[in-house]
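Note: the block below is model-v1.txt and it holds compact mmCIF, C-alpha atoms and all ligand atoms.
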```
# COMPACT_ATOMS: atom_id res chain seq x y z
CA MET P 26 -56.47 3.74 -73.45
CA SER P 27 -55.36 4.67 -76.94
CA GLU P 28 -56.67 3.01 -80.06
CA ALA P 29 -53.19 1.79 -80.88
CA TYR P 30 -53.30 -0.78 -78.12
CA GLY P 31 -57.04 -1.45 -77.65
CA PRO P 32 -58.73 -2.39 -74.41
CA GLY P 33 -57.03 -4.60 -71.86
CA ALA P 34 -58.68 -7.05 -69.50
CA ALA P 35 -57.59 -8.19 -66.09
CA ARG P 36 -59.19 -10.87 -63.97
CA ALA P 37 -58.06 -13.33 -61.34
CA GLY P 38 -57.79 -17.11 -61.45
CA GLY P 39 -56.28 -19.73 -63.72
CA GLY P 40 -56.92 -20.08 -67.45
CA SER P 41 -56.21 -22.83 -69.98
CA ALA P 42 -53.26 -23.67 -72.21
CA ALA P 43 -55.34 -22.84 -75.29
CA GLU P 44 -56.42 -19.52 -73.88
CA PHE P 45 -52.83 -18.58 -73.08
CA ALA P 46 -51.54 -19.67 -76.50
CA GLY P 47 -54.16 -17.45 -78.13
CA LEU P 48 -52.47 -14.42 -76.62
CA ALA P 49 -49.36 -14.86 -78.79
CA LYS P 50 -51.23 -13.44 -81.75
CA ARG P 51 -52.49 -10.52 -79.66
CA ALA P 52 -48.93 -9.75 -78.57
CA ALA P 53 -47.74 -9.65 -82.19
CA GLU P 54 -50.64 -7.37 -83.18
CA LEU P 55 -50.01 -5.05 -80.26
CA ASP P 56 -46.34 -4.80 -81.20
CA LEU P 57 -47.18 -4.00 -84.81
CA ALA P 58 -49.54 -1.21 -83.76
CA ASP P 59 -47.12 0.21 -81.15
CA PRO P 60 -46.13 3.79 -82.05
CA LEU P 61 -43.03 3.53 -79.81
CA ARG P 62 -41.72 0.22 -81.20
CA ALA P 63 -38.81 1.78 -83.14
CA LYS P 64 -37.34 3.15 -79.89
CA ARG P 65 -36.18 -0.34 -78.94
CA THR P 66 -33.45 -0.20 -81.56
CA GLU P 67 -31.87 2.70 -79.64
CA PHE P 68 -30.99 0.32 -76.78
CA LEU P 69 -28.46 -2.48 -76.52
CA LEU P 70 -30.56 -5.52 -75.67
CA ASP P 71 -30.23 -9.19 -76.42
CA ASP P 72 -32.07 -8.94 -79.73
CA ALA P 73 -30.75 -10.87 -82.72
CA GLY P 74 -27.89 -9.11 -84.42
CA GLN P 75 -26.94 -7.07 -81.38
CA PRO P 76 -23.60 -7.50 -79.64
CA GLY P 77 -23.76 -10.09 -76.87
CA ALA P 78 -27.15 -11.31 -78.11
CA GLY P 79 -28.57 -14.22 -76.21
CA ARG P 80 -28.21 -15.73 -72.82
CA PRO P 81 -24.69 -17.10 -72.36
CA GLY P 82 -24.58 -20.73 -73.43
CA THR P 83 -28.05 -20.84 -74.99
CA GLY P 84 -28.38 -18.06 -77.52
CA THR P 85 -31.91 -17.45 -76.23
CA PRO P 86 -32.57 -13.73 -75.86
CA VAL P 87 -32.93 -12.52 -72.31
CA ILE P 88 -36.21 -10.79 -71.57
CA TYR P 89 -35.32 -7.79 -69.47
CA LEU P 90 -38.08 -6.71 -67.10
CA ASP P 91 -35.91 -5.00 -64.54
CA GLY P 92 -35.57 -1.58 -66.15
CA ASN P 93 -37.26 -0.11 -63.07
CA SER P 94 -34.15 -1.07 -61.11
CA LEU P 95 -31.42 -0.52 -63.70
CA GLY P 96 -32.47 0.79 -67.08
CA ALA P 97 -30.99 -0.86 -70.18
CA LEU P 98 -28.02 0.72 -71.93
CA PRO P 99 -28.86 3.23 -74.68
CA ALA P 100 -26.76 2.53 -77.75
CA ALA P 101 -25.34 6.08 -77.89
CA VAL P 102 -23.73 5.89 -74.46
CA PRO P 103 -20.56 3.78 -74.94
CA ALA P 104 -19.09 5.99 -77.68
CA ARG P 105 -19.93 9.14 -75.76
CA VAL P 106 -18.30 7.86 -72.58
CA ALA P 107 -15.25 6.79 -74.56
CA ASP P 108 -14.99 10.31 -76.00
CA VAL P 109 -15.37 11.94 -72.59
CA VAL P 110 -12.57 9.79 -71.21
CA ALA P 111 -10.15 9.83 -74.15
CA ARG P 112 -10.59 13.35 -75.51
CA GLU P 113 -12.23 15.54 -72.88
CA TRP P 114 -10.29 14.14 -69.95
CA GLY P 115 -7.29 12.58 -71.74
CA GLN P 116 -6.45 15.45 -74.07
CA LEU P 117 -8.22 18.61 -72.92
CA ARG P 118 -7.78 17.77 -69.27
CA ILE P 119 -8.69 20.71 -67.03
CA ARG P 120 -9.81 22.82 -69.99
CA SER P 121 -12.88 20.60 -70.21
CA TRP P 122 -14.40 22.19 -67.14
CA THR P 123 -15.17 25.14 -69.40
CA GLU P 124 -14.57 24.02 -73.00
CA SER P 125 -16.49 20.74 -72.72
CA GLY P 126 -19.20 22.20 -70.52
CA TRP P 127 -18.42 20.09 -67.49
CA TRP P 128 -18.97 22.87 -64.97
CA THR P 129 -22.51 23.63 -66.13
CA ALA P 130 -23.52 19.98 -66.67
CA PRO P 131 -25.61 19.68 -63.47
CA GLU P 132 -28.02 22.42 -64.60
CA ARG P 133 -27.85 21.48 -68.30
CA VAL P 134 -28.69 17.83 -67.66
CA GLY P 135 -31.33 18.96 -65.18
CA ASP P 136 -32.99 20.98 -67.93
CA ARG P 137 -32.91 17.87 -70.13
CA ILE P 138 -34.83 15.91 -67.48
CA ALA P 139 -37.21 18.75 -66.60
CA PRO P 140 -39.73 18.24 -69.45
CA LEU P 141 -40.15 14.61 -68.39
CA LEU P 142 -41.17 15.89 -64.95
CA GLY P 143 -43.43 18.64 -66.24
CA ALA P 144 -41.00 21.30 -65.05
CA ALA P 145 -39.98 24.51 -66.80
CA PRO P 146 -36.22 25.05 -67.19
CA GLY P 147 -34.06 26.28 -64.33
CA GLN P 148 -35.57 24.21 -61.53
CA VAL P 149 -33.82 20.82 -61.74
CA VAL P 150 -30.20 20.19 -60.83
CA VAL P 151 -28.43 16.84 -61.22
CA GLY P 152 -25.96 15.49 -58.69
CA ASP P 153 -25.41 13.29 -55.65
CA SER P 154 -27.62 10.32 -54.85
CA THR P 155 -31.34 10.29 -54.18
CA SER P 156 -30.60 9.73 -50.49
CA VAL P 157 -28.50 12.91 -50.32
CA ASN P 158 -31.11 14.90 -52.20
CA VAL P 159 -33.80 13.69 -49.77
CA LEU P 160 -31.75 15.24 -46.98
CA LYS P 161 -31.37 18.55 -48.83
CA ALA P 162 -35.07 18.67 -49.70
CA ILE P 163 -36.43 17.87 -46.24
CA VAL P 164 -34.10 20.13 -44.29
CA ALA P 165 -34.49 23.02 -46.74
CA GLY P 166 -38.26 22.42 -46.81
CA VAL P 167 -38.53 22.52 -43.01
CA ARG P 168 -36.43 25.69 -42.88
CA ILE P 169 -38.82 27.36 -45.32
CA ALA P 170 -41.90 26.08 -43.46
CA GLN P 171 -40.54 27.30 -40.13
CA SER P 172 -39.71 30.79 -41.35
CA GLY P 173 -42.02 33.64 -40.39
CA ALA P 174 -45.46 32.59 -39.20
CA GLY P 175 -44.55 28.88 -39.46
CA ALA P 176 -42.13 28.92 -36.53
CA ALA P 177 -44.20 26.41 -34.56
CA ARG P 178 -44.21 23.74 -37.24
CA ASP P 179 -42.30 20.86 -35.71
CA GLU P 180 -43.44 17.73 -37.50
CA VAL P 181 -42.25 15.91 -40.62
CA LEU P 182 -44.56 13.34 -42.19
CA VAL P 183 -43.09 10.42 -44.09
CA ASP P 184 -44.77 7.86 -46.30
CA ALA P 185 -45.03 4.77 -44.05
CA THR P 186 -44.50 2.45 -47.03
CA THR P 187 -41.45 4.30 -48.27
CA PHE P 188 -38.35 2.86 -49.85
CA PRO P 189 -36.14 2.45 -46.76
CA THR P 190 -33.46 5.04 -47.54
CA ASP P 191 -36.04 7.85 -47.62
CA GLY P 192 -37.26 6.84 -44.18
CA TYR P 193 -33.78 6.63 -42.70
CA VAL P 194 -32.78 10.03 -44.08
CA ALA P 195 -36.11 11.62 -43.10
CA GLU P 196 -35.54 10.50 -39.51
CA SER P 197 -32.14 12.18 -39.46
CA ALA P 198 -33.44 15.30 -41.23
CA ALA P 199 -36.22 15.59 -38.65
CA ARG P 200 -33.69 15.32 -35.82
CA LEU P 201 -31.44 17.93 -37.44
CA THR P 202 -34.34 20.38 -37.63
CA GLY P 203 -35.80 19.65 -34.20
CA CYS P 204 -38.92 18.03 -35.64
CA ALA P 205 -40.78 14.86 -34.76
CA LEU P 206 -41.09 12.28 -37.56
CA ARG P 207 -44.45 10.64 -38.15
CA ALA P 208 -44.93 7.72 -40.51
CA VAL P 209 -48.30 7.89 -42.26
CA GLU P 210 -49.88 5.76 -45.00
CA PRO P 211 -49.60 7.77 -48.22
CA HIS P 212 -53.35 8.00 -48.78
CA GLU P 213 -53.76 9.42 -45.26
CA ILE P 214 -51.13 12.15 -45.55
CA ALA P 215 -53.63 14.65 -46.94
CA ALA P 216 -55.96 14.19 -43.98
CA THR P 217 -53.14 14.03 -41.41
CA ALA P 218 -51.36 17.27 -42.35
CA GLY P 219 -52.12 20.03 -39.87
CA PRO P 220 -50.85 23.24 -38.29
CA ARG P 221 -47.75 21.48 -36.91
CA THR P 222 -46.74 19.87 -40.20
CA ALA P 223 -43.69 21.41 -41.83
CA VAL P 224 -43.04 18.96 -44.67
CA ALA P 225 -44.26 15.62 -45.97
CA LEU P 226 -42.06 13.25 -47.96
CA VAL P 227 -44.10 10.97 -50.20
CA ASN P 228 -43.19 8.39 -52.85
CA HIS P 229 -45.05 8.96 -56.09
CA VAL P 230 -45.05 5.23 -56.86
CA ASP P 231 -44.60 2.48 -54.25
CA TYR P 232 -41.45 0.57 -55.23
CA ARG P 233 -42.87 -2.73 -54.02
CA THR P 234 -46.47 -2.85 -55.23
CA GLY P 235 -46.27 -0.30 -58.03
CA ARG P 236 -49.14 1.71 -56.53
CA LEU P 237 -49.33 5.30 -57.86
CA HIS P 238 -50.15 7.83 -55.17
CA ASP P 239 -52.27 10.95 -55.57
CA LEU P 240 -49.71 13.69 -56.20
CA PRO P 241 -52.13 16.50 -57.12
CA GLY P 242 -54.55 15.87 -54.24
CA THR P 243 -51.91 15.26 -51.57
CA THR P 244 -49.89 18.31 -52.63
CA ALA P 245 -52.99 20.53 -52.55
CA ALA P 246 -53.94 19.24 -49.08
CA LEU P 247 -50.43 19.86 -47.75
CA HIS P 248 -50.54 23.39 -49.10
CA ALA P 249 -53.97 23.97 -47.54
CA ALA P 250 -52.40 22.95 -44.21
CA GLY P 251 -49.51 25.37 -44.78
CA ALA P 252 -46.96 22.57 -45.28
CA LEU P 253 -44.55 21.76 -48.10
CA ALA P 254 -44.71 18.70 -50.36
CA VAL P 255 -41.55 16.74 -51.17
CA TRP P 256 -42.07 13.96 -53.71
CA ASP P 257 -39.75 11.06 -54.49
CA LEU P 258 -40.11 10.33 -58.22
CA CYS P 259 -37.71 7.37 -58.49
CA HIS P 260 -40.42 5.04 -59.81
CA SER P 261 -42.45 7.53 -61.82
CA ALA P 262 -40.04 9.81 -63.71
CA GLY P 263 -39.67 8.46 -67.22
CA ALA P 264 -42.67 6.16 -66.80
CA LEU P 265 -45.62 8.53 -66.50
CA PRO P 266 -46.46 12.25 -66.50
CA VAL P 267 -45.60 13.89 -63.18
CA GLY P 268 -46.69 17.50 -63.68
CA LEU P 269 -44.50 19.11 -61.02
CA ASP P 270 -45.17 22.70 -62.10
CA VAL P 271 -48.85 22.35 -62.81
CA HIS P 272 -49.52 20.72 -59.44
CA GLY P 273 -47.40 23.24 -57.52
CA VAL P 274 -45.02 20.65 -56.02
CA ASP P 275 -42.46 22.36 -53.79
CA LEU P 276 -39.49 20.00 -53.89
CA ALA P 277 -38.84 16.68 -55.58
CA VAL P 278 -36.04 14.16 -55.89
CA GLY P 279 -35.42 11.09 -58.00
CA CYS P 280 -32.79 8.78 -59.38
CA THR P 281 -31.75 8.50 -63.01
CA TYR P 282 -30.65 4.88 -63.31
CA LYS P 283 -34.16 3.36 -63.38
CA PHE P 284 -36.59 4.57 -66.08
CA LEU P 285 -34.10 7.26 -67.23
CA ASN P 286 -31.42 4.67 -68.12
CA GLY P 287 -28.48 6.72 -66.81
CA GLY P 288 -26.42 3.69 -65.77
CA PRO P 289 -25.28 2.21 -62.47
CA GLY P 290 -24.84 4.96 -59.89
CA SER P 291 -25.77 7.76 -62.26
CA PRO P 292 -26.45 10.96 -60.32
CA ALA P 293 -29.88 11.83 -58.97
CA TYR P 294 -31.75 15.12 -59.31
CA LEU P 295 -33.35 17.74 -57.13
CA TYR P 296 -36.27 19.95 -58.19
CA VAL P 297 -36.80 23.21 -56.36
CA ARG P 298 -39.86 25.16 -57.46
CA ARG P 299 -38.76 28.49 -58.88
CA GLY P 300 -40.73 30.57 -56.39
CA LEU P 301 -39.01 28.83 -53.47
CA GLN P 302 -35.46 29.05 -54.81
CA PRO P 303 -34.58 32.33 -53.07
CA ARG P 304 -35.57 30.73 -49.74
CA PHE P 305 -33.86 27.37 -50.37
CA ASP P 306 -31.32 27.15 -47.55
CA SER P 307 -29.29 23.98 -48.16
CA PRO P 308 -28.01 21.85 -45.29
CA LEU P 309 -25.03 21.03 -47.55
CA PRO P 310 -23.86 24.40 -48.86
CA GLY P 311 -20.77 23.25 -50.70
CA TRP P 312 -18.62 25.48 -52.87
CA ASN P 313 -20.38 24.40 -56.06
CA SER P 314 -23.54 26.16 -54.85
CA HIS P 315 -21.71 29.41 -54.04
CA ALA P 316 -22.65 32.52 -55.99
CA GLU P 317 -18.96 32.91 -56.95
CA PRO P 318 -17.32 29.54 -56.48
CA PHE P 319 -13.97 30.65 -57.87
CA ALA P 320 -13.76 33.70 -55.64
CA MET P 321 -12.80 31.16 -52.97
CA SER P 322 -14.19 33.46 -50.32
CA ALA P 323 -14.40 32.47 -46.68
CA GLY P 324 -18.06 33.37 -46.37
CA TYR P 325 -20.91 31.49 -48.02
CA ARG P 326 -23.26 33.27 -50.38
CA PRO P 327 -25.70 31.01 -52.27
CA ALA P 328 -26.03 31.04 -56.03
CA ASP P 329 -29.36 31.93 -57.58
CA GLY P 330 -31.50 29.29 -59.19
CA ALA P 331 -31.23 25.53 -59.30
CA ALA P 332 -27.44 25.67 -58.76
CA ARG P 333 -28.25 26.36 -55.11
CA GLY P 334 -28.96 22.63 -54.82
CA ARG P 335 -25.41 21.65 -55.80
CA VAL P 336 -22.82 20.55 -53.24
CA GLY P 337 -19.32 19.56 -54.40
CA THR P 338 -17.59 18.65 -57.65
CA PRO P 339 -20.01 16.80 -59.92
CA ASP P 340 -19.55 13.20 -60.96
CA ILE P 341 -18.71 14.04 -64.58
CA LEU P 342 -18.27 10.59 -66.10
CA SER P 343 -21.64 9.39 -64.80
CA MET P 344 -23.29 12.72 -65.46
CA LEU P 345 -22.26 12.74 -69.12
CA ALA P 346 -23.22 9.09 -69.59
CA LEU P 347 -26.64 10.12 -68.31
CA GLU P 348 -26.75 13.09 -70.67
CA ALA P 349 -26.10 10.78 -73.63
CA ALA P 350 -28.69 8.29 -72.32
CA LEU P 351 -31.33 11.03 -72.24
CA GLU P 352 -31.12 11.39 -76.03
CA VAL P 353 -33.49 8.44 -76.35
CA TRP P 354 -36.25 10.79 -75.16
CA ASP P 355 -35.92 13.02 -78.22
CA GLY P 356 -39.31 13.20 -79.87
CA VAL P 357 -41.01 11.11 -77.18
CA ALA P 358 -44.05 12.43 -75.34
CA ILE P 359 -44.30 11.12 -71.78
CA GLU P 360 -48.07 10.80 -72.31
CA ALA P 361 -47.41 8.23 -75.06
CA VAL P 362 -45.07 6.36 -72.73
CA ARG P 363 -47.83 6.24 -70.12
CA VAL P 364 -50.38 4.86 -72.58
CA LYS P 365 -48.03 2.06 -73.59
CA SER P 366 -46.98 1.37 -70.00
CA LEU P 367 -50.59 0.77 -68.97
CA ALA P 368 -51.21 -1.37 -72.04
CA LEU P 369 -48.12 -3.47 -71.19
CA SER P 370 -49.11 -3.99 -67.55
CA ASP P 371 -52.72 -4.74 -68.56
CA PHE P 372 -51.45 -7.32 -71.04
CA PHE P 373 -49.14 -8.85 -68.42
CA LEU P 374 -52.08 -9.23 -66.01
CA GLU P 375 -54.17 -10.69 -68.81
CA CYS P 376 -51.44 -13.25 -69.62
CA VAL P 377 -51.11 -14.19 -65.94
CA ALA P 378 -54.87 -14.68 -65.64
CA ALA P 379 -54.84 -16.93 -68.72
CA LEU P 380 -52.03 -19.18 -67.42
CA PRO P 381 -53.27 -22.61 -66.33
CA GLY P 382 -51.32 -22.17 -63.08
CA GLY P 383 -52.19 -18.49 -62.78
CA SER P 384 -54.15 -18.95 -59.57
CA ALA P 385 -50.82 -19.39 -57.72
CA LEU P 386 -50.18 -15.71 -58.36
CA THR P 387 -51.96 -12.79 -56.68
CA PRO P 388 -51.56 -9.47 -58.49
CA LEU P 389 -50.67 -6.61 -56.12
CA THR P 390 -50.71 -4.22 -59.05
CA PRO P 391 -53.77 -2.00 -58.66
CA SER P 392 -56.37 -2.76 -61.33
CA ALA P 393 -57.35 0.93 -61.65
CA HIS P 394 -55.09 2.75 -64.08
CA ALA P 395 -55.19 5.89 -61.94
CA GLU P 396 -53.48 3.94 -59.15
CA ARG P 397 -50.89 2.08 -61.19
CA GLY P 398 -47.24 2.82 -61.80
CA SER P 399 -45.14 1.02 -64.42
CA GLN P 400 -44.59 -2.42 -63.01
CA VAL P 401 -46.43 -5.64 -62.32
CA ALA P 402 -46.08 -7.05 -58.82
CA LEU P 403 -47.29 -10.58 -58.16
CA ARG P 404 -47.46 -12.19 -54.76
CA CYS P 405 -46.33 -15.82 -54.92
CA ALA P 406 -45.20 -18.58 -52.56
CA ASP P 407 -41.38 -18.81 -52.47
CA ALA P 408 -41.11 -15.75 -54.67
CA GLU P 409 -37.36 -15.66 -54.16
CA GLY P 410 -36.94 -19.22 -55.48
CA VAL P 411 -39.32 -18.56 -58.37
CA MET P 412 -37.45 -15.42 -59.39
CA GLY P 413 -34.15 -17.32 -59.25
CA GLU P 414 -35.54 -19.88 -61.68
CA LEU P 415 -37.00 -17.20 -63.94
CA ILE P 416 -33.61 -15.51 -64.18
CA ALA P 417 -31.96 -18.88 -64.90
CA HIS P 418 -34.47 -19.24 -67.76
CA GLY P 419 -33.68 -15.81 -69.15
CA VAL P 420 -36.51 -13.73 -67.69
CA VAL P 421 -35.03 -11.00 -65.53
CA GLY P 422 -37.29 -9.35 -62.98
CA ASP P 423 -36.62 -9.01 -59.30
CA PHE P 424 -37.71 -10.25 -55.91
CA ARG P 425 -38.82 -7.94 -53.13
CA PRO P 426 -39.25 -9.40 -49.65
CA PRO P 427 -41.21 -11.10 -48.37
CA ASP P 428 -43.12 -12.64 -51.28
CA VAL P 429 -43.23 -10.32 -54.29
CA LEU P 430 -42.20 -10.99 -57.89
CA ARG P 431 -41.63 -7.61 -59.49
CA PHE P 432 -41.52 -6.97 -63.25
CA GLY P 433 -40.84 -3.49 -64.57
CA VAL P 434 -42.34 -2.42 -67.87
CA THR P 435 -40.23 0.17 -69.64
CA PRO P 436 -42.20 1.33 -72.69
CA LEU P 437 -39.22 2.57 -74.70
CA TYR P 438 -37.91 -0.97 -75.06
CA THR P 439 -40.33 -3.53 -73.60
CA SER P 440 -42.48 -5.25 -76.24
CA PHE P 441 -45.78 -7.07 -75.86
CA SER P 442 -44.05 -10.21 -77.14
CA ASP P 443 -41.55 -9.89 -74.27
CA ILE P 444 -44.48 -9.87 -71.87
CA TYR P 445 -46.13 -12.88 -73.50
CA ARG P 446 -42.91 -14.89 -73.48
CA ALA P 447 -42.05 -13.90 -69.90
CA ALA P 448 -45.52 -14.96 -68.71
CA GLY P 449 -45.09 -18.27 -70.56
CA VAL P 450 -41.77 -18.95 -68.80
CA LEU P 451 -43.37 -18.01 -65.48
CA GLY P 452 -46.14 -20.53 -66.17
CA GLU P 453 -43.57 -23.25 -66.94
CA VAL P 454 -41.59 -22.52 -63.79
CA LEU P 455 -44.74 -22.75 -61.69
CA ASP P 456 -45.80 -26.00 -63.44
CA ASP P 457 -42.40 -27.58 -62.80
CA ARG P 458 -42.64 -26.77 -59.11
CA ARG P 459 -46.04 -28.45 -58.68
C1 LIG T 1 -34.26 3.60 -56.12
C2 LIG T 1 -34.77 4.45 -55.01
C3 LIG T 1 -33.90 5.19 -54.21
C4 LIG T 1 -32.42 5.07 -54.39
O1 LIG T 1 -31.70 5.96 -53.62
P1 LIG T 1 -30.14 6.19 -53.94
O2 LIG T 1 -29.70 7.11 -52.90
O3 LIG T 1 -30.09 6.77 -55.34
O4 LIG T 1 -29.47 4.86 -53.88
C5 LIG T 1 -34.46 6.03 -53.26
N1 LIG T 1 -35.78 6.13 -53.10
C6 LIG T 1 -36.64 5.41 -53.86
C7 LIG T 1 -38.12 5.56 -53.67
C8 LIG T 1 -36.16 4.54 -54.82
O5 LIG T 1 -37.00 3.84 -55.56
```

With the file now loaded, output its structure as structure tokens.
Amino acid sequence: MSEAYGPGAARAGGGSAAEFAGLAKRAAELDLADPLRAKRTEFLLDDAGQPGAGRPGTGTPVIYLDGNSLGALPAAVPARVADVVAREWGQLRIRSWTESGWWTAPERVGDRIAPLLGAAPGQVVVGDSTSVNVLKAIVAGVRIAQSGAGAARDEVLVDATTFPTDGYVAESAARLTGCALRAVEPHEIAATAGPRTAVALVNHVDYRTGRLHDLPGTTAALHAAGALAVWDLCHSAGALPVGLDVHGVDLAVGCTYKFLNGGPGSPAYLYVRRGLQPRFDSPLPGWNSHAEPFAMSAGYRPADGAARGRVGTPDILSMLALEAALEVWDGVAIEAVRVKSLALSDFFLECVAALPGGSALTPLTPSAHAERGSQVALRCADAEGVMGELIAHGVVGDFRPPDVLRFGVTPLYTSFSDIYRAAGVLGEVLDDRR
């Protein structure tokens, strides 16, 4: 924990009104000492003086704690998108594929994301959805694992707690490659991997509980077993250091509309470790991944490098909105984001523990920092109804079945005062229901 934020405290059980009120001062102090606080002005939120400020009909600012589902809009994006539409498309038309850099955007934007993932340039390509990139990564990973001495590897492991789409696609990818699919708890993947394992697909952070899984240890164990590691970074990229290169991760995927603020449906990314790129045999070898796409030849010959992960024509409007959104990361160290993220979730847990009605809430968020992503998950009776009331009162988080209230903390724009006020509204909603 950095000195800027000071130590946090988390404990269970209900507190008192006076104890909770005392935390308002702490929130203000934490905000004042926050080295990232100026970043908030680079986003369009409901703060005073910003367009659309306030909840419709009340003027009360909305507290947005759902940036782990859809990141807030960076202020630079609307003008950039307007320019792409009016000038690059409207006036330059087809010339923009070269003159505006549209054709090379998937690799260029990938290189912009790479430092946030701990990846050197040339290994990340942007395009398609996470689901599609999961398919590319698993099939290509199995093909690599089965080459040469690995011919007998016929098993794909999948994180048993995975976000559903990864599990659905992994099942199909296993069938396509003649493998059996085995669902394994993430902390048991290291011990389960064996001579038959080709690939394991693991979520870095559990979308429901916010639990952070052991990427370095699991990757090393998979390698020791001769298998490849595919990580889904949807809930970690932009929230905490990932260290893809340093931990030798083979393949990784992630979306860009959560902590990377790329906007609804912004394209996902695929990381292919440089050393594996020559062996990356895509199940979707579209013309954009051809060595000479404009030769229009009948036979397929893959491009070198990250471009091998491309498929068809990129989604330029979304891709360039994402590129503009990524400017908010200029000058930001992901390590500093992590320090603030942990301080925010610690403070949230501290506020919940101090609420008089706090005993109605059971934190699912791991107390150990080493096991925590960038969200607070609270188990609660009728969580769906409670979240509906929170949203009606201007606190936006989300509900995950069956009984989880989920609040994302996004350090570039979430303040400690947001957390204090959100916890206060949560306390009032619970009081009203009793
Ligand atoms: C958000 C999320 C996805 C989303 O997949 P899309 O294909 O981009 O819709 C996939 N996996 C995980 C773990 C996620 O959190």

Would you name the residues within 9 Å of ligand LIG 1 (chain T), counting only C-alpha atoms and all ligand atoms, and put them as a ChimeraX atom specification? /P:93-94,153-159,187-191,227-233,257-260,278-283,290-293

Taking 5 positions as the minimum chain separation for residues in the same chain, which residues sit within 12 Å of stretch 202-207 of chain P when counting all atoms listed in the file? Answer as a ChimeraX atom specification. /P:160-161,163-171,176-185,192-197,213-214,217-218,221-226,308

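Going from atom CA of P:Ala262 to atom CA of P:His315 covers 28.5 Å.
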
So which one's closest to P:Ser121, P:Ala406, P:Ile341, P:Trp312, P:Ala447? Using all atoms listed in the file, please.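 Smallest distance to P:Ser121 is found for P:Ile341.
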
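The neighbours of P:Ala215 here are the residues that come within 7 Å of it, using only C-alpha atoms and leaving out any residue fewer than 6 positions away in the same chain; they are Thr243, Ala246 and Leu247 of chain P.
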
Go ahead and write the residues just picked, C-alpha atoms, as a PDB file, in the frame of the given file.
```pdb
ATOM      1  CA  THR P 243     -51.910  15.260 -51.570  1.00  0.00           C
ATOM      2  CA  ALA P 246     -53.940  19.240 -49.080  1.00  0.00           C
ATOM      3  CA  LEU P 247     -50.430  19.860 -47.750  1.00  0.00           C
TER       4      LEU P 247
END
```

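Residue nearest P:Ala368 within the list P:Ala111, P:Val401, P:Ala162, P:Val454: P:Val401 [criterion: smallest interatomic distance, all atoms listed in the file].
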
Residue among P:Arg133, P:Arg200, P:Arg425, P:Arg120 lying closest to P:Ala332, counting only C-alpha atoms: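 For P:Ala332, the nearest of the given residues is P:Arg133.
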
Could N, CA, C and O atoms be built for stretch 187-195 of chain P and written out as a PDB file, in the frame of the given file?
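Saved to result-v6.pdb:
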```pdb
ATOM      1  N   THR P 187     -42.534   3.790 -47.431  1.00  0.00           N
ATOM      2  CA  THR P 187     -41.450   4.300 -48.270  1.00  0.00           C
ATOM      3  C   THR P 187     -40.321   3.298 -48.514  1.00  0.00           C
ATOM      4  O   THR P 187     -40.063   2.417 -47.691  1.00  0.00           O
ATOM      5  N   PHE P 188     -39.645   3.499 -49.605  1.00  0.00           N
ATOM      6  CA  PHE P 188     -38.350   2.860 -49.850  1.00  0.00           C
ATOM      7  C   PHE P 188     -37.484   3.202 -48.627  1.00  0.00           C
ATOM      8  O   PHE P 188     -37.449   4.355 -48.196  1.00  0.00           O
ATOM      9  N   PRO P 189     -36.781   2.220 -48.061  1.00  0.00           N
ATOM     10  CA  PRO P 189     -36.140   2.450 -46.760  1.00  0.00           C
ATOM     11  C   PRO P 189     -35.249   3.684 -46.677  1.00  0.00           C
ATOM     12  O   PRO P 189     -35.323   4.410 -45.690  1.00  0.00           O
ATOM     13  N   THR P 190     -34.420   3.941 -47.688  1.00  0.00           N
ATOM     14  CA  THR P 190     -33.460   5.040 -47.540  1.00  0.00           C
ATOM     15  C   THR P 190     -34.164   6.362 -47.243  1.00  0.00           C
ATOM     16  O   THR P 190     -33.701   7.163 -46.440  1.00  0.00           O
ATOM     17  N   ASP P 191     -35.305   6.605 -47.855  1.00  0.00           N
ATOM     18  CA  ASP P 191     -36.040   7.850 -47.620  1.00  0.00           C
ATOM     19  C   ASP P 191     -36.440   7.970 -46.154  1.00  0.00           C
ATOM     20  O   ASP P 191     -36.380   9.048 -45.561  1.00  0.00           O
ATOM     21  N   GLY P 192     -36.851   6.843 -45.579  1.00  0.00           N
ATOM     22  CA  GLY P 192     -37.260   6.840 -44.180  1.00  0.00           C
ATOM     23  C   GLY P 192     -36.083   7.079 -43.247  1.00  0.00           C
ATOM     24  O   GLY P 192     -36.185   7.848 -42.285  1.00  0.00           O
ATOM     25  N   TYR P 193     -34.956   6.447 -43.555  1.00  0.00           N
ATOM     26  CA  TYR P 193     -33.780   6.630 -42.700  1.00  0.00           C
ATOM     27  C   TYR P 193     -33.334   8.100 -42.731  1.00  0.00           C
ATOM     28  O   TYR P 193     -33.033   8.703 -41.710  1.00  0.00           O
ATOM     29  N   VAL P 194     -33.266   8.649 -43.947  1.00  0.00           N
ATOM     30  CA  VAL P 194     -32.780  10.030 -44.080  1.00  0.00           C
ATOM     31  C   VAL P 194     -33.792  11.006 -43.484  1.00  0.00           C
ATOM     32  O   VAL P 194     -33.406  11.985 -42.835  1.00  0.00           O
ATOM     33  N   ALA P 195     -35.077  10.719 -43.664  1.00  0.00           N
ATOM     34  CA  ALA P 195     -36.110  11.620 -43.100  1.00  0.00           C
ATOM     35  C   ALA P 195     -35.982  11.664 -41.588  1.00  0.00           C
ATOM     36  O   ALA P 195     -36.149  12.726 -40.975  1.00  0.00           O
TER      37      ALA P 195
END
```
